[in-house]
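Right, one structure below, let's go through it.
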Amino acid sequence: MTAAQNETSGGAPTPYEAMGGRETFQRLVHLFYQGVAGDELLRPMYPEQDLGPAEDRLRMFLEQYWGGPSDYHEQRGHPRLRIRHAQFRVTQAAAERWLVHMLGAVDQLDLAPEYDAAMREYLTRAAQFLVNTTDDQPIRRELPLA
């Protein structure tokens, strides 16, 4: 349902719509990957030469999470974030670098204060959720990457 349809039907816009829809999420993710492209710690976690496919996947995931289109689920199934990231050494340092780039991208969005706070809180939780090893501990590779 679009923001116009929501207003017509009396429903409130989704957070996705209130944040600016696809344009906002494209910008967020593009700005994030500009940071990742030059980051020595994070860049190796993206094996594709072109970051475009990773950019599309993250954008679709975030759009769906915030109430936008369900393209991610339709194309990739359930997010299964821990499983999809299990092949990578996601240390506390990597999570912090990821968060630096994500929050730096959020800084450039000019979101309304309540959405800015919600986005920052979510991204901070997401970064911590994906930590799967300490700096001196190898990860277990028991689960296949889907």
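Going through the structure tokens in order, the chains are called A, B, and so on, while each chain numbers its residues from 1 and the ligands are numbered from 1 in the order shown.
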
Exercise for review: Could you give me, as an NGL selection string, the residues within 9 Å of Tyr33 of chain A, counting only C-alpha atoms and dropping anything in the same chain fewer than 6 positions from it?
Suggested key: :A and (51-52 or 54-55 or 101-102)

Practice item. Tell me, as a list in words, which residues lie within 9 Å of Gln64 of chain A, counting only C-alpha atoms; anything in the same chain fewer than 6 positions away does not count. Key: Tyr16, Ser70, Asp71, Tyr72 and His73 of chain A

Expected file: the selected residues, all heavy atoms, as a PDB file, in the first residue's frame:
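Output contents, as saved in part35.pdb:
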ATOM      1  N   TYR A  16       8.729   2.666   6.391  1.00  0.00           N
ATOM      2  CA  TYR A  16       9.375   2.726   5.069  1.00  0.00           C
ATOM      3  C   TYR A  16       8.873   3.940   4.301  1.00  0.00           C
ATOM      4  O   TYR A  16       9.665   4.707   3.742  1.00  0.00           O
ATOM      5  CB  TYR A  16       9.070   1.426   4.319  1.00  0.00           C
ATOM      6  CG  TYR A  16       9.451   1.418   2.865  1.00  0.00           C
ATOM      7  CD1 TYR A  16      10.772   1.229   2.467  1.00  0.00           C
ATOM      8  CD2 TYR A  16       8.482   1.565   1.870  1.00  0.00           C
ATOM      9  CE1 TYR A  16      11.116   1.203   1.129  1.00  0.00           C
ATOM     10  CE2 TYR A  16       8.831   1.537   0.527  1.00  0.00           C
ATOM     11  CZ  TYR A  16      10.143   1.355   0.165  1.00  0.00           C
ATOM     12  OH  TYR A  16      10.492   1.325  -1.167  1.00  0.00           O
ATOM     13  N   SER A  70       8.114  -6.660  -0.297  1.00  0.00           N
ATOM     14  CA  SER A  70       8.643  -7.942   0.186  1.00  0.00           C
ATOM     15  C   SER A  70       9.550  -8.603  -0.847  1.00  0.00           C
ATOM     16  O   SER A  70       9.649  -9.830  -0.907  1.00  0.00           O
ATOM     17  CB  SER A  70       7.488  -8.873   0.569  1.00  0.00           C
ATOM     18  OG  SER A  70       6.661  -9.093  -0.557  1.00  0.00           O
ATOM     19  N   ASP A  71      10.241  -7.803  -1.649  1.00  0.00           N
ATOM     20  CA  ASP A  71      11.123  -8.331  -2.687  1.00  0.00           C
ATOM     21  C   ASP A  71      12.185  -9.268  -2.121  1.00  0.00           C
ATOM     22  O   ASP A  71      12.522 -10.283  -2.734  1.00  0.00           O
ATOM     23  CB  ASP A  71      11.819  -7.200  -3.454  1.00  0.00           C
ATOM     24  CG  ASP A  71      10.844  -6.318  -4.206  1.00  0.00           C
ATOM     25  OD1 ASP A  71       9.690  -6.732  -4.421  1.00  0.00           O
ATOM     26  OD2 ASP A  71      11.235  -5.191  -4.569  1.00  0.00           O
ATOM     27  N   TYR A  72      12.725  -8.933  -0.957  1.00  0.00           N
ATOM     28  CA  TYR A  72      13.772  -9.773  -0.371  1.00  0.00           C
ATOM     29  C   TYR A  72      13.241 -11.183  -0.144  1.00  0.00           C
ATOM     30  O   TYR A  72      13.840 -12.164  -0.580  1.00  0.00           O
ATOM     31  CB  TYR A  72      14.302  -9.179   0.940  1.00  0.00           C
ATOM     32  CG  TYR A  72      15.468  -9.971   1.481  1.00  0.00           C
ATOM     33  CD1 TYR A  72      16.765  -9.612   1.155  1.00  0.00           C
ATOM     34  CD2 TYR A  72      15.283 -11.104   2.275  1.00  0.00           C
ATOM     35  CE1 TYR A  72      17.844 -10.344   1.614  1.00  0.00           C
ATOM     36  CE2 TYR A  72      16.353 -11.846   2.728  1.00  0.00           C
ATOM     37  CZ  TYR A  72      17.635 -11.459   2.398  1.00  0.00           C
ATOM     38  OH  TYR A  72      18.710 -12.205   2.834  1.00  0.00           O
ATOM     39  N   HIS A  73      12.119 -11.290   0.528  1.00  0.00           N
ATOM     40  CA  HIS A  73      11.537 -12.598   0.824  1.00  0.00           C
ATOM     41  C   HIS A  73      11.183 -13.340  -0.461  1.00  0.00           C
ATOM     42  O   HIS A  73      11.429 -14.547  -0.574  1.00  0.00           O
ATOM     43  CB  HIS A  73      10.304 -12.443   1.712  1.00  0.00           C
ATOM     44  CG  HIS A  73       9.763 -13.757   2.157  1.00  0.00           C
ATOM     45  ND1 HIS A  73       8.772 -14.420   1.481  1.00  0.00           N
ATOM     46  CD2 HIS A  73      10.097 -14.542   3.206  1.00  0.00           C
ATOM     47  CE1 HIS A  73       8.509 -15.549   2.086  1.00  0.00           C
ATOM     48  NE2 HIS A  73       9.290 -15.658   3.131  1.00  0.00           N
TER      49      HIS A  73
END

Review point. Got a sec: who's within 12 Å of Gly68 of chain A, counting only C-alpha atoms, leaving out chain neighbours fewer than 4 positions off, as an MDAnalysis selection string?
Key: chainID A and resid 1:3 13:25 59:64 72:73

Output N, CA and C atoms for every residue in that selection, as a PDB file, in the first residue's frame.
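Saved to again_39.pdb:
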ATOM      1  N   MET A   1       0.853  -1.177   0.000  1.00  0.00           N
ATOM      2  CA  MET A   1       0.000   0.000   0.000  1.00  0.00           C
ATOM      3  C   MET A   1       0.894   1.234   0.000  1.00  0.00           C
ATOM      4  N   THR A   2       0.600   2.188  -0.811  1.00  0.00           N
ATOM      5  CA  THR A   2       1.396   3.417  -0.895  1.00  0.00           C
ATOM      6  C   THR A   2       0.966   4.387   0.199  1.00  0.00           C
ATOM      7  N   ALA A   3       1.778   5.412   0.408  1.00  0.00           N
ATOM      8  CA  ALA A   3       1.423   6.434   1.396  1.00  0.00           C
ATOM      9  C   ALA A   3       0.098   7.089   1.026  1.00  0.00           C
ATOM     10  N   PRO A  13       1.102   5.847   7.392  1.00  0.00           N
ATOM     11  CA  PRO A  13       2.135   5.305   6.504  1.00  0.00           C
ATOM     12  C   PRO A  13       3.059   4.366   7.283  1.00  0.00           C
ATOM     13  N   THR A  14       3.633   3.409   6.583  1.00  0.00           N
ATOM     14  CA  THR A  14       4.616   2.524   7.211  1.00  0.00           C
ATOM     15  C   THR A  14       5.877   3.334   7.498  1.00  0.00           C
ATOM     16  N   PRO A  15       6.747   2.834   8.363  1.00  0.00           N
ATOM     17  CA  PRO A  15       8.025   3.531   8.553  1.00  0.00           C
ATOM     18  C   PRO A  15       8.778   3.689   7.230  1.00  0.00           C
ATOM     19  N   TYR A  16       8.729   2.666   6.391  1.00  0.00           N
ATOM     20  CA  TYR A  16       9.375   2.726   5.069  1.00  0.00           C
ATOM     21  C   TYR A  16       8.873   3.940   4.301  1.00  0.00           C
ATOM     22  N   GLU A  17       7.581   4.123   4.251  1.00  0.00           N
ATOM     23  CA  GLU A  17       6.999   5.250   3.524  1.00  0.00           C
ATOM     24  C   GLU A  17       7.341   6.574   4.200  1.00  0.00           C
ATOM     25  N   ALA A  18       7.228   6.613   5.516  1.00  0.00           N
ATOM     26  CA  ALA A  18       7.502   7.846   6.252  1.00  0.00           C
ATOM     27  C   ALA A  18       8.968   8.275   6.135  1.00  0.00           C
ATOM     28  N   MET A  19       9.850   7.308   5.953  1.00  0.00           N
ATOM     29  CA  MET A  19      11.275   7.619   5.809  1.00  0.00           C
ATOM     30  C   MET A  19      11.640   8.045   4.398  1.00  0.00           C
ATOM     31  N   GLY A  20      10.732   7.919   3.459  1.00  0.00           N
ATOM     32  CA  GLY A  20      11.016   8.352   2.093  1.00  0.00           C
ATOM     33  C   GLY A  20      11.024   7.238   1.067  1.00  0.00           C
ATOM     34  N   GLY A  21      10.686   6.014   1.468  1.00  0.00           N
ATOM     35  CA  GLY A  21      10.568   4.910   0.526  1.00  0.00           C
ATOM     36  C   GLY A  21      11.868   4.499  -0.124  1.00  0.00           C
ATOM     37  N   ARG A  22      11.739   3.945  -1.323  1.00  0.00           N
ATOM     38  CA  ARG A  22      12.881   3.359  -2.033  1.00  0.00           C
ATOM     39  C   ARG A  22      14.048   4.328  -2.166  1.00  0.00           C
ATOM     40  N   GLU A  23      13.771   5.578  -2.485  1.00  0.00           N
ATOM     41  CA  GLU A  23      14.853   6.550  -2.676  1.00  0.00           C
ATOM     42  C   GLU A  23      15.739   6.650  -1.431  1.00  0.00           C
ATOM     43  N   THR A  24      15.123   6.703  -0.264  1.00  0.00           N
ATOM     44  CA  THR A  24      15.886   6.800   0.986  1.00  0.00           C
ATOM     45  C   THR A  24      16.724   5.554   1.215  1.00  0.00           C
ATOM     46  N   PHE A  25      16.124   4.389   1.000  1.00  0.00           N
ATOM     47  CA  PHE A  25      16.852   3.151   1.269  1.00  0.00           C
ATOM     48  C   PHE A  25      17.941   2.903   0.232  1.00  0.00           C
ATOM     49  N   ARG A  59      19.559  -3.499   0.496  1.00  0.00           N
ATOM     50  CA  ARG A  59      18.449  -2.559   0.305  1.00  0.00           C
ATOM     51  C   ARG A  59      17.108  -3.277   0.403  1.00  0.00           C
ATOM     52  N   MET A  60      16.984  -4.398  -0.292  1.00  0.00           N
ATOM     53  CA  MET A  60      15.718  -5.138  -0.247  1.00  0.00           C
ATOM     54  C   MET A  60      15.402  -5.610   1.170  1.00  0.00           C
ATOM     55  N   PHE A  61      16.428  -6.081   1.880  1.00  0.00           N
ATOM     56  CA  PHE A  61      16.220  -6.537   3.256  1.00  0.00           C
ATOM     57  C   PHE A  61      15.719  -5.387   4.130  1.00  0.00           C
ATOM     58  N   LEU A  62      16.412  -4.254   4.070  1.00  0.00           N
ATOM     59  CA  LEU A  62      16.015  -3.116   4.911  1.00  0.00           C
ATOM     60  C   LEU A  62      14.652  -2.575   4.514  1.00  0.00           C
ATOM     61  N   GLU A  63      14.357  -2.525   3.248  1.00  0.00           N
ATOM     62  CA  GLU A  63      13.030  -2.067   2.818  1.00  0.00           C
ATOM     63  C   GLU A  63      11.945  -2.966   3.410  1.00  0.00           C
ATOM     64  N   GLN A  64      12.136  -4.260   3.318  1.00  0.00           N
ATOM     65  CA  GLN A  64      11.140  -5.194   3.845  1.00  0.00           C
ATOM     66  C   GLN A  64      11.019  -5.057   5.356  1.00  0.00           C
ATOM     67  N   TYR A  72      12.725  -8.933  -0.957  1.00  0.00           N
ATOM     68  CA  TYR A  72      13.772  -9.773  -0.371  1.00  0.00           C
ATOM     69  C   TYR A  72      13.241 -11.183  -0.144  1.00  0.00           C
ATOM     70  N   HIS A  73      12.119 -11.290   0.528  1.00  0.00           N
ATOM     71  CA  HIS A  73      11.537 -12.598   0.824  1.00  0.00           C
ATOM     72  C   HIS A  73      11.183 -13.340  -0.461  1.00  0.00           C
TER      73      HIS A  73
END

Practice item. Name the residues of segment 33-101 of chain A that come out as helix (DSSP H, G or I) in a backbone DSSP run; write them as a PyMOL selection string. Key: chain A and resi 33-37+43-45+52-65+71-76+81-85+92-101

Keeping only N, CA and C atoms, take the residues you just selected and write them out as a short mmCIF file (atom, residue, chain, number, x, y, z; two decimals), in the first residue's frame.
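So the final result, stored in selection.cif, reads:
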data_model
loop_
_atom_site.label_atom_id
_atom_site.label_comp_id
_atom_site.auth_asym_id
_atom_site.auth_seq_id
_atom_site.Cartn_x
_atom_site.Cartn_y
_atom_site.Cartn_z
N TYR A 33 27.84 1.32 1.26
CA TYR A 33 28.80 0.55 0.46
C TYR A 33 29.94 1.41 -0.09
N GLN A 34 29.76 2.71 -0.19
CA GLN A 34 30.89 3.56 -0.53
C GLN A 34 31.95 3.47 0.56
N GLY A 35 31.50 3.43 1.81
CA GLY A 35 32.43 3.25 2.92
C GLY A 35 33.07 1.88 2.94
N VAL A 36 32.27 0.85 2.70
CA VAL A 36 32.77 -0.52 2.71
C VAL A 36 33.83 -0.73 1.62
N ALA A 37 33.64 -0.11 0.48
CA ALA A 37 34.55 -0.31 -0.65
C ALA A 37 36.01 -0.03 -0.29
N ARG A 43 35.82 -5.06 3.44
CA ARG A 43 35.74 -5.35 2.00
C ARG A 43 35.95 -6.83 1.67
N PRO A 44 36.86 -7.53 2.34
CA PRO A 44 37.04 -8.96 2.03
C PRO A 44 35.79 -9.82 2.32
N MET A 45 34.87 -9.31 3.10
CA MET A 45 33.65 -10.07 3.39
C MET A 45 32.66 -10.03 2.24
N GLY A 52 27.51 -4.15 -6.25
CA GLY A 52 26.12 -3.94 -6.63
C GLY A 52 25.16 -5.02 -6.15
N PRO A 53 25.47 -6.30 -6.33
CA PRO A 53 24.55 -7.33 -5.85
C PRO A 53 24.35 -7.29 -4.32
N ALA A 54 25.43 -7.06 -3.58
CA ALA A 54 25.30 -6.96 -2.13
C ALA A 54 24.46 -5.74 -1.77
N GLU A 55 24.66 -4.66 -2.49
CA GLU A 55 23.88 -3.43 -2.27
C GLU A 55 22.39 -3.70 -2.49
N ASP A 56 22.06 -4.41 -3.55
CA ASP A 56 20.66 -4.73 -3.82
C ASP A 56 20.06 -5.59 -2.71
N ARG A 57 20.82 -6.60 -2.26
CA ARG A 57 20.30 -7.50 -1.22
C ARG A 57 20.04 -6.74 0.08
N LEU A 58 20.98 -5.90 0.49
CA LEU A 58 20.80 -5.16 1.74
C LEU A 58 19.66 -4.17 1.62
N ARG A 59 19.56 -3.50 0.50
CA ARG A 59 18.45 -2.56 0.31
C ARG A 59 17.11 -3.28 0.40
N MET A 60 16.98 -4.40 -0.29
CA MET A 60 15.72 -5.14 -0.25
C MET A 60 15.40 -5.61 1.17
N PHE A 61 16.43 -6.08 1.88
CA PHE A 61 16.22 -6.54 3.26
C PHE A 61 15.72 -5.39 4.13
N LEU A 62 16.41 -4.25 4.07
CA LEU A 62 16.02 -3.12 4.91
C LEU A 62 14.65 -2.57 4.51
N GLU A 63 14.36 -2.53 3.25
CA GLU A 63 13.03 -2.07 2.82
C GLU A 63 11.94 -2.97 3.41
N GLN A 64 12.14 -4.26 3.32
CA GLN A 64 11.14 -5.19 3.84
C GLN A 64 11.02 -5.06 5.36
N TYR A 65 12.15 -4.96 6.04
CA TYR A 65 12.13 -4.84 7.50
C TYR A 65 11.32 -3.62 7.95
N ASP A 71 10.24 -7.80 -1.65
CA ASP A 71 11.12 -8.33 -2.69
C ASP A 71 12.18 -9.27 -2.12
N TYR A 72 12.73 -8.93 -0.96
CA TYR A 72 13.77 -9.77 -0.37
C TYR A 72 13.24 -11.18 -0.14
N HIS A 73 12.12 -11.29 0.53
CA HIS A 73 11.54 -12.60 0.82
C HIS A 73 11.18 -13.34 -0.46
N GLU A 74 10.64 -12.65 -1.42
CA GLU A 74 10.24 -13.28 -2.67
C GLU A 74 11.45 -13.81 -3.46
N GLN A 75 12.57 -13.11 -3.39
CA GLN A 75 13.76 -13.51 -4.15
C GLN A 75 14.71 -14.42 -3.38
N ARG A 76 14.76 -14.23 -2.06
CA ARG A 76 15.79 -14.93 -1.28
C ARG A 76 15.24 -15.77 -0.14
N LEU A 81 19.71 -14.30 8.85
CA LEU A 81 20.92 -13.47 8.87
C LEU A 81 22.12 -14.17 9.48
N ARG A 82 21.94 -14.86 10.60
CA ARG A 82 23.09 -15.52 11.23
C ARG A 82 23.66 -16.60 10.31
N ILE A 83 22.79 -17.37 9.68
CA ILE A 83 23.26 -18.43 8.79
C ILE A 83 23.95 -17.84 7.56
N ARG A 84 23.36 -16.81 6.98
CA ARG A 84 23.94 -16.22 5.77
C ARG A 84 25.31 -15.57 6.05
N HIS A 85 25.55 -15.17 7.28
CA HIS A 85 26.82 -14.53 7.61
C HIS A 85 27.79 -15.48 8.32
N GLN A 92 33.87 -8.39 16.87
CA GLN A 92 33.37 -7.14 17.43
C GLN A 92 33.92 -5.96 16.63
N ALA A 93 35.18 -6.05 16.24
CA ALA A 93 35.79 -4.96 15.44
C ALA A 93 35.08 -4.81 14.10
N ALA A 94 34.74 -5.93 13.45
CA ALA A 94 34.03 -5.86 12.17
C ALA A 94 32.64 -5.26 12.35
N ALA A 95 31.96 -5.66 13.43
CA ALA A 95 30.63 -5.11 13.70
C ALA A 95 30.71 -3.60 13.92
N GLU A 96 31.74 -3.16 14.64
CA GLU A 96 31.89 -1.73 14.90
C GLU A 96 32.20 -0.97 13.61
N ARG A 97 33.03 -1.54 12.72
CA ARG A 97 33.32 -0.88 11.44
C ARG A 97 32.06 -0.81 10.58
N TRP A 98 31.28 -1.90 10.56
CA TRP A 98 30.02 -1.94 9.81
C TRP A 98 29.11 -0.83 10.32
N LEU A 99 29.03 -0.71 11.63
CA LEU A 99 28.17 0.29 12.24
C LEU A 99 28.65 1.71 11.94
N VAL A 100 29.94 1.93 11.92
CA VAL A 100 30.48 3.25 11.57
C VAL A 100 29.99 3.66 10.18
N HIS A 101 30.08 2.74 9.23
CA HIS A 101 29.65 3.06 7.86
C HIS A 101 28.13 3.22 7.77
#

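Reported to one decimal place, the separation of atom CA of Phe88 of chain A from atom CA of Glu48 of chain A is 13.9 Å.
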
Practice item. Using only C-alpha atoms, pick whichever of A:Gln26, A:Asp50, A:Asp39, A:Val106 has the shortest atom-to-atom distance to Ala118 of chain A. Key: A:Val106

Review point. Which neighbours of Thr91 of chain A fall inside 6 Å, counting only C-alpha atoms, when residues of the same chain fewer than 2 positions from it are skipped, and could you give them as an NGL selection string?
Key: :A and (89 or 93-94 or 131 or 133-135)

Those same residues - N, CA, C and O atoms - I'd like them written as a PDB file, in the first residue's frame.
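Final file, part_2.pdb:
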ATOM      1  N   ARG A  89      34.093 -14.194   9.332  1.00  0.00           N
ATOM      2  CA  ARG A  89      34.517 -13.894  10.704  1.00  0.00           C
ATOM      3  C   ARG A  89      33.973 -12.515  11.057  1.00  0.00           C
ATOM      4  O   ARG A  89      34.587 -11.501  10.726  1.00  0.00           O
ATOM      5  N   ALA A  93      35.179  -6.045  16.236  1.00  0.00           N
ATOM      6  CA  ALA A  93      35.789  -4.965  15.444  1.00  0.00           C
ATOM      7  C   ALA A  93      35.077  -4.811  14.099  1.00  0.00           C
ATOM      8  O   ALA A  93      34.826  -3.686  13.651  1.00  0.00           O
ATOM      9  N   ALA A  94      34.743  -5.926  13.455  1.00  0.00           N
ATOM     10  CA  ALA A  94      34.035  -5.860  12.171  1.00  0.00           C
ATOM     11  C   ALA A  94      32.645  -5.259  12.355  1.00  0.00           C
ATOM     12  O   ALA A  94      32.199  -4.441  11.548  1.00  0.00           O
ATOM     13  N   VAL A 131      27.737 -10.685  15.285  1.00  0.00           N
ATOM     14  CA  VAL A 131      29.057 -11.062  15.794  1.00  0.00           C
ATOM     15  C   VAL A 131      29.034 -12.570  16.053  1.00  0.00           C
ATOM     16  O   VAL A 131      28.166 -13.076  16.752  1.00  0.00           O
ATOM     17  N   THR A 133      32.291 -14.454  16.342  1.00  0.00           N
ATOM     18  CA  THR A 133      33.587 -14.930  16.799  1.00  0.00           C
ATOM     19  C   THR A 133      34.339 -13.799  17.489  1.00  0.00           C
ATOM     20  O   THR A 133      34.027 -12.629  17.290  1.00  0.00           O
ATOM     21  N   THR A 134      35.324 -14.182  18.293  1.00  0.00           N
ATOM     22  CA  THR A 134      36.216 -13.173  18.859  1.00  0.00           C
ATOM     23  C   THR A 134      37.388 -13.025  17.902  1.00  0.00           C
ATOM     24  O   THR A 134      37.567 -13.826  16.981  1.00  0.00           O
ATOM     25  N   ASP A 135      38.205 -12.032  18.124  1.00  0.00           N
ATOM     26  CA  ASP A 135      39.335 -11.787  17.222  1.00  0.00           C
ATOM     27  C   ASP A 135      40.295 -12.967  17.151  1.00  0.00           C
ATOM     28  O   ASP A 135      40.941 -13.181  16.143  1.00  0.00           O
TER      29      ASP A 135
END

Check your understanding: What is the atom CA of Leu123 of chain A to atom CA of Val29 of chain A distance in Å?
Key -> 12.3 Å

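Distance-wise, atom CA of Ala105 of chain A and atom CA of Arg120 of chain A end up 10.5 Å apart.
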